[in-house]
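Please read the structure below before turning to the comments.
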Amino acid sequence: MTYAFDPEITPWLTMLPSGPFADFRELRAMGEAAVRAGLPSYEPDIPITTRDITVPGPEGAPDVMVRVYAPAERDGLLPGLLYIHGGGFIMGSVEQFDAQATRIAAEVGTVVVSVEYRLAPEHPFPAGLEDCYAALEWTAKSASELGIDPGRLGIAGESAGGGLAAAVTLLARDRGGPALCFQYLGVAELDDRLRTPSMRDYDDVPLWNSRSSKVSWDCYLGEGRRGTAEVSPYAAPARAQDLSGLPPAFVTACQYDAFRDEDVDYAQRLSHADVPTELALYPGVLHGGIIPESTTGQRILTDTLAALRRGLGVRGG
């Protein structure tokens, strides 16, 4: 197909992978190659402290490593944000998303707890989800120690991390767990059924497409389960029937992203369930608006930080 990509990103398109990927190992190797090539750096304007902590994991499972970011100088309690990295459930790490977490801590003015959850297929659903939920419980219980205002605890994730953030939010409601004030769902991976028009059409766009999504879901759920009635809404939040009682949401979607329609639909359903919801749909760009140097990439970043400030009740946001 021919796509009306944003002209600012077209010089980058030939440098982005497009598959098809034989299996998760190729996708994971792609992510590792990006790390070796050098991740985007970020130097905060204010001092940020970071420390790695091992926290109790789910019952019967290993402990979970989290990296805690916080402004070194503070006046009173700060909001807290559980941050869940992306990577299609099969790749990614706290280290790979270190710059983004640091930026959020510095520019939003919040304590960020970034989770090193277990990856599929070695650890399929619900391993990664339960790791993230355990990290949320620890964050809420440790609010005083971390300097977090317990009434301003939010969650954020991007791509598969956005899907995990949506699922943790559902779990927190259904288990009577920690109260969340806000959920940021960035280009979230939400629906294993792969039936939306954007998922059907975008099988050849660079970076991430419907073929990548099949590999991702098969790893996360196990072979043969994708699209069946066996799949839990905590694995694929688009399947959740009841979205009432969830915290306010900010949802992003990109025009040439296979996840576009499931993100738009989830935002609409949240709104219909009386959940205060904002939806930002960015034209002409790929999954995540991936080119930060572009005008749209900068707009996505600005919108993200502003949404987090609003959602976490940061004055001036």
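Letters A, B, ... mark the chains of the structure tokens in the order given; residue numbers begin at 1 per chain; ligand numbers begin at 1, in order shown.
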
- prompt: Counting only C-alpha atoms, what is within 12 Å of Tyr234 in chain A, bar same-chain residues fewer than 4 positions away, as a PyMOL selection string?
  reply: chain A and resi 125-130+133+163-175+190-192+221+230+238-242

Export, as a PDB file, in the first residue's frame, the selected residues with C-alpha atoms.
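Full text of selection-v4.pdb as output:
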ATOM      1  CA  PHE A 125       0.923 -14.306  30.724  1.00  0.00           C
ATOM      2  CA  PRO A 126       0.299 -13.646  33.556  1.00  0.00           C
ATOM      3  CA  ALA A 127       3.949 -13.433  34.684  1.00  0.00           C
ATOM      4  CA  GLY A 128       4.736  -9.914  33.441  1.00  0.00           C
ATOM      5  CA  LEU A 129       1.359  -8.580  34.510  1.00  0.00           C
ATOM      6  CA  GLU A 130       1.662  -9.979  38.018  1.00  0.00           C
ATOM      7  CA  TYR A 133       0.918  -5.476  39.894  1.00  0.00           C
ATOM      8  CA  GLY A 163      -1.487  -2.732  27.507  1.00  0.00           C
ATOM      9  CA  LEU A 164       0.027  -3.861  30.796  1.00  0.00           C
ATOM     10  CA  ALA A 165      -0.840  -0.501  32.370  1.00  0.00           C
ATOM     11  CA  ALA A 166      -4.464  -0.901  31.282  1.00  0.00           C
ATOM     12  CA  ALA A 167      -4.504  -4.461  32.662  1.00  0.00           C
ATOM     13  CA  VAL A 168      -2.944  -3.455  36.003  1.00  0.00           C
ATOM     14  CA  THR A 169      -5.570  -0.720  36.279  1.00  0.00           C
ATOM     15  CA  LEU A 170      -8.325  -3.294  35.781  1.00  0.00           C
ATOM     16  CA  LEU A 171      -6.705  -5.616  38.338  1.00  0.00           C
ATOM     17  CA  ALA A 172      -6.386  -2.837  40.907  1.00  0.00           C
ATOM     18  CA  ARG A 173     -10.102  -2.113  40.567  1.00  0.00           C
ATOM     19  CA  ASP A 174     -11.192  -5.744  40.647  1.00  0.00           C
ATOM     20  CA  ARG A 175      -8.891  -6.817  43.487  1.00  0.00           C
ATOM     21  CA  LEU A 190      -4.711  -4.121  23.887  1.00  0.00           C
ATOM     22  CA  ASP A 191      -6.402  -6.686  21.634  1.00  0.00           C
ATOM     23  CA  ASP A 192      -5.183 -10.164  20.711  1.00  0.00           C
ATOM     24  CA  LEU A 221      -0.401 -15.992  25.413  1.00  0.00           C
ATOM     25  CA  GLU A 230      -9.744 -18.573  26.478  1.00  0.00           C
ATOM     26  CA  ALA A 238      -9.885  -4.666  24.923  1.00  0.00           C
ATOM     27  CA  ARG A 239     -11.864  -7.770  25.913  1.00  0.00           C
ATOM     28  CA  ALA A 240     -12.958  -6.261  29.244  1.00  0.00           C
ATOM     29  CA  GLN A 241     -16.732  -5.847  29.290  1.00  0.00           C
ATOM     30  CA  ASP A 242     -16.917  -3.395  32.186  1.00  0.00           C
TER      31      ASP A 242
END

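Taking only C-alpha atoms, the non-local environment of range 77-81 of chain A within 6 Å (same-chain residues fewer than 3 positions away omitted) comprises Thr110, Val111, Val112, Gly147, Ile148, Asp149, Arg152, Leu153, Gly154 and Ile155 of chain A.
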
Using only N, CA and C atoms, please write the residues we just selected to a file, as a JSON list (two decimals), in the first residue's frame.
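Result written to out11.json:
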[["chain", "number", "residue", "atom", "x", "y", "z"],
["A", 110, "THR", "N", 7.85, 14.15, 39.53],
["A", 110, "THR", "CA", 7.18, 13.00, 40.15],
["A", 110, "THR", "C", 8.21, 11.93, 40.48],
["A", 111, "VAL", "N", 7.86, 11.07, 41.41],
["A", 111, "VAL", "CA", 8.65, 9.87, 41.67],
["A", 111, "VAL", "C", 8.20, 8.80, 40.66],
["A", 112, "VAL", "N", 9.12, 8.28, 39.90],
["A", 112, "VAL", "CA", 8.81, 7.27, 38.89],
["A", 112, "VAL", "C", 9.37, 5.93, 39.35],
["A", 147, "GLY", "N", 8.36, 9.16, 49.55],
["A", 147, "GLY", "CA", 7.97, 10.57, 49.45],
["A", 147, "GLY", "C", 6.84, 10.81, 48.48],
["A", 148, "ILE", "N", 5.96, 9.82, 48.34],
["A", 148, "ILE", "CA", 4.84, 9.90, 47.39],
["A", 148, "ILE", "C", 3.56, 10.25, 48.13],
["A", 149, "ASP", "N", 2.80, 11.16, 47.55],
["A", 149, "ASP", "CA", 1.45, 11.45, 48.03],
["A", 149, "ASP", "C", 0.55, 10.29, 47.61],
["A", 152, "ARG", "N", -2.09, 10.65, 44.93],
["A", 152, "ARG", "CA", -1.70, 11.02, 43.57],
["A", 152, "ARG", "C", -0.75, 9.96, 43.00],
["A", 153, "LEU", "N", -1.25, 8.75, 42.94],
["A", 153, "LEU", "CA", -0.49, 7.63, 42.38],
["A", 153, "LEU", "C", -1.09, 7.24, 41.04],
["A", 154, "GLY", "N", -0.30, 7.33, 39.98],
["A", 154, "GLY", "CA", -0.79, 6.99, 38.65],
["A", 154, "GLY", "C", 0.01, 5.88, 38.03],
["A", 155, "ILE", "N", -0.38, 5.52, 36.81],
["A", 155, "ILE", "CA", 0.29, 4.45, 36.07],
["A", 155, "ILE", "C", 0.42, 4.89, 34.63]]

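Considering the residues A:Phe259, A:Val94, A:Phe182, A:Gly224 and counting only C-alpha atoms, Leu194 in chain A has its shortest atom-to-atom contact with A:Phe259.
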
query: With only C-alpha atoms as the atoms that count, which of A:Ala105, A:Cys254, A:Val113, A:Leu13 lies nearest to Thr54 in chain A?
result: A:Val113

Set out as CSV a contact list for range 163-272 of chain A and range 311-314 of chain A with a cut-off of 10 Å, giving each residue of range 163-272 of chain A that qualifies its closest atom pair and distance in Å to one decimal, counting only C-alpha atoms, ordered by chain and rising residue number.
residue,atom,partner,partner_atom,distance
A:Leu180,CA,A:Leu312,CA,9.7
A:Cys181,CA,A:Leu312,CA,6.9
A:Phe182,CA,A:Gly311,CA,5.3
A:Gln183,CA,A:Gly311,CA,7.7
A:Tyr184,CA,A:Gly311,CA,8.4
A:Pro247,CA,A:Gly311,CA,9.4
A:Pro248,CA,A:Gly311,CA,7.4
A:Ala249,CA,A:Gly311,CA,7.9
A:Phe250,CA,A:Gly311,CA,8.3

Output file for the residues above (N, CA and C atoms, as a PDB file, in the first residue's frame):
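Below you can see part-v6.pdb, which holds the result:
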ATOM      1  N   LEU A 180      -5.672   4.271  42.041  1.00  0.00           N
ATOM      2  CA  LEU A 180      -4.941   5.011  41.028  1.00  0.00           C
ATOM      3  C   LEU A 180      -5.719   6.275  40.655  1.00  0.00           C
ATOM      4  N   CYS A 181      -4.994   7.364  40.475  1.00  0.00           N
ATOM      5  CA  CYS A 181      -5.660   8.622  40.137  1.00  0.00           C
ATOM      6  C   CYS A 181      -5.665   8.879  38.638  1.00  0.00           C
ATOM      7  N   PHE A 182      -4.873   8.090  37.871  1.00  0.00           N
ATOM      8  CA  PHE A 182      -4.704   8.423  36.460  1.00  0.00           C
ATOM      9  C   PHE A 182      -4.057   7.244  35.752  1.00  0.00           C
ATOM     10  N   GLN A 183      -4.405   7.059  34.464  1.00  0.00           N
ATOM     11  CA  GLN A 183      -3.745   6.053  33.632  1.00  0.00           C
ATOM     12  C   GLN A 183      -3.370   6.671  32.284  1.00  0.00           C
ATOM     13  N   TYR A 184      -2.103   6.543  31.935  1.00  0.00           N
ATOM     14  CA  TYR A 184      -1.607   6.996  30.639  1.00  0.00           C
ATOM     15  C   TYR A 184      -1.354   5.758  29.791  1.00  0.00           C
ATOM     16  N   PRO A 247      -9.780   4.926  36.690  1.00  0.00           N
ATOM     17  CA  PRO A 247      -9.322   6.306  36.835  1.00  0.00           C
ATOM     18  C   PRO A 247      -9.294   7.028  35.490  1.00  0.00           C
ATOM     19  N   PRO A 248      -9.268   8.362  35.520  1.00  0.00           N
ATOM     20  CA  PRO A 248      -9.161   9.138  34.282  1.00  0.00           C
ATOM     21  C   PRO A 248      -8.006   8.665  33.416  1.00  0.00           C
ATOM     22  N   ALA A 249      -8.186   8.806  32.099  1.00  0.00           N
ATOM     23  CA  ALA A 249      -7.226   8.239  31.158  1.00  0.00           C
ATOM     24  C   ALA A 249      -6.809   9.247  30.099  1.00  0.00           C
ATOM     25  N   PHE A 250      -5.580   9.091  29.651  1.00  0.00           N
ATOM     26  CA  PHE A 250      -5.088   9.777  28.459  1.00  0.00           C
ATOM     27  C   PHE A 250      -4.574   8.689  27.538  1.00  0.00           C
TER      28      PHE A 250
END

- request: List every residue of range 24-209 of chain A that DSSP, applied to the backbone, labels as strand (DSSP E), and write the result as a PyMOL selection string.
  value: chain A and resi 48-55+64-71+78-84+111-116+148-158+182-186
